[in-house]
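Here the structure comes first, spelled out in structure tokens, and everything after it is commentary.
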Amino acid sequence: MQYTLYIVGAFAVSLVCGFISIPIIINFCKERNLYDIPNSRKVHAYAIPRLGGISFLPSMLLAFLIANVVMNTSSDGLPVSISLWSAYFFISLLLIYGTGFIDDLIGLDARIKFAAQILAASIITAAGLYINNLYGLWGIHEIPASWGIPLTIFVMVFIMNAINLIDGIDGLAASLSFLALGGFLICFFREKMNIYCILIAGLMGVIVAYFYFNVFGKTEKSRKIFMGDSGSLTIGFILSFLFVKFAMYNPRVIAFHLDGLLLPYTLLIVPVFDVARVIFVRLHHRKPLFTADKNHIHHKFMKMGLTQHQTLIAIIALALMYIALNLLLFPIVHIDIIVGIDIVIYILVHQCINIAIKKKGNEHGQY
């Protein structure tokens, strides 16, 4: 019960930090003319400040530190040890945060950001953290480091890009990330890994504050802001780290659970499936992988005629449906069949969207 209070406290501190810092960031962007300028690929019509994400890491860390200080000064508080994983995690996190921050300020080539993501993921694996068990997926269980390390780097980079690329309409990346973080919070709370729960809660709080300004901020009053790459890459890295951390079987830390891979996979289905589909389409049409387009799921929903808010609700509903479905199927169906069902549903959803777009007469090129 007491740890629950620390978790709630971290969320509250981060929430307050977000509501204090984001208006300051908005004013800074206005003074320095740091805006996300609309173009043919983007859905917004006005120049919007783009540095909202720089509030994420400071707010999360401040909430984490305060919660741990209070916890350690309580009667039953235990000292928090900094493991090798923790040190490497914060080094990688700062690398990704710095990369996103520089990109938001002056712009970086996509290949440079990609290289930074690979380096950050490699640092995590250098600490001995990697996916070492597939929990029966494709009939595979334990895997050696020679397979697990490159798989982990691939998975982490893939998730980081998935969150970055899904950030295309108001509130979408924030909502999907909040939903995934909430799921990880429950997963780690189940394992009594309270330090991770406090860290997750510290990020969730500032995301709520950002969501308020991003979705409900008035454009004409300059109260609206985007998270930028400093936000999406930071969230993507933390989610990818949590994915690997929970999926890695380590009997000294987490007891073996058959859902060790299914749960983190389920929490990130929508952004991961979206970027996978976009990559396949670009490869099929021999288009450069790093070239931006309007082929993501949120773009397609809007081609149907949905507003940004309606699109947001539809995609969040899809993510919640996947979570409910996979949790329902897991006790009775093998993980291979569950993944197959997930893929089929996603294909059918896009086929239905394509049909709706054609009926509306808004088909523009290949999607």
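Here, A, B, ... name the chains of the structure tokens in the order displayed, residue numbers run from 1 inside each chain, and ligands are numbered from 1 in the same displayed order.
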TODO: Find the residues near A:Ala67: any atom within 8 Å, counting only C-alpha atoms, skip ones fewer than 6 places away on the same chain, and give them as a ChimeraX atom specification.
DONE: /A:6-7,9-10,198
- [ ] Within 10 Å of A:Ala127, counting only C-alpha atoms, which residues show up once you throw out same-chain ones fewer than 4 positions away? Write them as an NGL selection string, please.
- [x] :A and (83-89 or 122-123)
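Between atom CA of A:Tyr97 and atom CA of A:Phe216 the interatomic distance comes to 25.5 Å.
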- [ ] Write down as number ranges by chain the residues belonging to stretch 52-171 of chain A that are assigned helix (DSSP H, G or I) by DSSP computed on the backbone.
- [x] A: 52-73, 84-106, 110-126, 137-139, 145-166
Exercise: stretch 154-156 of chain A partners within 10 Å, only C-alpha atoms, chain neighbours under 6 positions left out, as a CSV table (one decimal) with C-alpha atoms, in the first residue's frame:
chain,number,residue,atom,x,y,z
A,117,GLN,CA,19.0,4.8,-31.8
A,118,ILE,CA,21.2,1.9,-32.7
A,120,ALA,CA,21.5,3.7,-27.5
A,121,ALA,CA,20.1,0.1,-28.0
A,122,SER,CA,23.6,-1.3,-28.2
A,124,ILE,CA,21.6,-1.4,-23.2
A,131,ILE,CA,15.7,-10.7,-25.0
A,148,GLY,CA,19.2,-12.2,-28.5
A,162,ALA,CA,7.1,3.4,-34.3
A,236,GLY,CA,9.9,5.4,-27.6
A,237,PHE,CA,13.2,4.6,-26.0
A,238,ILE,CA,11.7,4.1,-22.5
A,239,LEU,CA,8.9,1.9,-23.9
A,240,SER,CA,11.5,-0.2,-25.8
A,241,PHE,CA,13.6,-0.5,-22.7
A,242,LEU,CA,10.5,-1.6,-20.7
A,243,PHE,CA,9.7,-4.1,-23.4
A,244,VAL,CA,13.1,-5.7,-23.2
A,272,VAL,CA,4.4,-1.3,-34.2
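Atom pair atom CA of A:Leu261 / atom CA of A:Ala126: separated by 21.1 Å.
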Residues near A:Leu95, anyone? I mean within 9 Å using only C-alpha atoms, not counting same-chain ones fewer than 4 positions away, as a CSV table (one decimal) with C-alpha atoms, in the first residue's frame.
chain,number,residue,atom,x,y,z
A,90,PHE,CA,20.4,6.7,-18.2
A,91,ILE,CA,23.4,7.1,-20.5
A,99,THR,CA,19.5,13.6,-30.2
A,100,GLY,CA,15.8,14.5,-30.3
A,116,ALA,CA,21.9,7.3,-32.4
A,117,GLN,CA,19.0,4.8,-31.8
A,119,LEU,CA,24.0,3.1,-30.4
A,120,ALA,CA,21.5,3.7,-27.5
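If you count only C-alpha atoms and ignore residues fewer than 5 places along the chain from A:Phe301, what sits within 10 Å of it is His296, Leu306, Thr307, Gln308, Gln310, Thr311, Leu312, Ala314, Ile315, His350, Ile353, Asn354, Ala356 and Ile357 of chain A.
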Those selected residues, please, written with C-alpha atoms and delivered as a PDB file, in the first residue's frame.
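Final file, result_24.pdb:
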ATOM      1  CA  HIS A 296       0.061   5.947 -41.702  1.00  0.00           C
ATOM      2  CA  LEU A 306     -12.850  11.582 -39.756  1.00  0.00           C
ATOM      3  CA  THR A 307     -11.654  14.584 -37.781  1.00  0.00           C
ATOM      4  CA  GLN A 308      -8.420  14.452 -35.766  1.00  0.00           C
ATOM      5  CA  GLN A 310     -12.469  11.103 -34.154  1.00  0.00           C
ATOM      6  CA  THR A 311      -9.342   9.481 -35.576  1.00  0.00           C
ATOM      7  CA  LEU A 312      -7.716   9.582 -32.149  1.00  0.00           C
ATOM      8  CA  ALA A 314     -10.850   5.226 -33.310  1.00  0.00           C
ATOM      9  CA  ILE A 315      -7.165   4.302 -32.961  1.00  0.00           C
ATOM     10  CA  HIS A 350      -7.068  -1.431 -43.384  1.00  0.00           C
ATOM     11  CA  ILE A 353     -10.608   1.766 -44.440  1.00  0.00           C
ATOM     12  CA  ASN A 354      -9.544   1.503 -48.086  1.00  0.00           C
ATOM     13  CA  ALA A 356     -14.461   3.567 -47.161  1.00  0.00           C
ATOM     14  CA  ILE A 357     -11.940   5.939 -48.753  1.00  0.00           C
TER      15      ILE A 357
END
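Atom CA of A:Asn161 sits 15.9 Å away from atom CA of A:Gly98.
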Task: Shell of 7 Å around stretch 203-211 of chain A, only C-alpha atoms, local chain residues under 5 positions omitted, as a PyMOL selection string - done: chain A and resi 11-12+14-15+17-19+52+56+59-60+171+174+178+181
Open item on the list: Env of A:Asp36: 8 Å cut, atoms = only C-alpha atoms, seq-sep filter 6 positions within chain, self excluded. Answer as a VMD selection string.
Closed with: chain A and resid 47 to 50 226
Using only C-alpha atoms, I'd like a table of the residues in stretch 139-255 of chain A that come within 10 Å of stretch 317-327 of chain A; for each, show the closest atom pair and its distance in Å rounded to one decimal, ordered by chain and ascending number, as JSON lines.
{"residue": "A:Leu176", "atom": "CA", "partner": "A:Ala319", "partner_atom": "CA", "distance": 7.7}
{"residue": "A:Leu179", "atom": "CA", "partner": "A:Leu320", "partner_atom": "CA", "distance": 8.5}
{"residue": "A:Ala180", "atom": "CA", "partner": "A:Ala319", "partner_atom": "CA", "distance": 9.4}
{"residue": "A:Gly183", "atom": "CA", "partner": "A:Ile323", "partner_atom": "CA", "distance": 9.4}
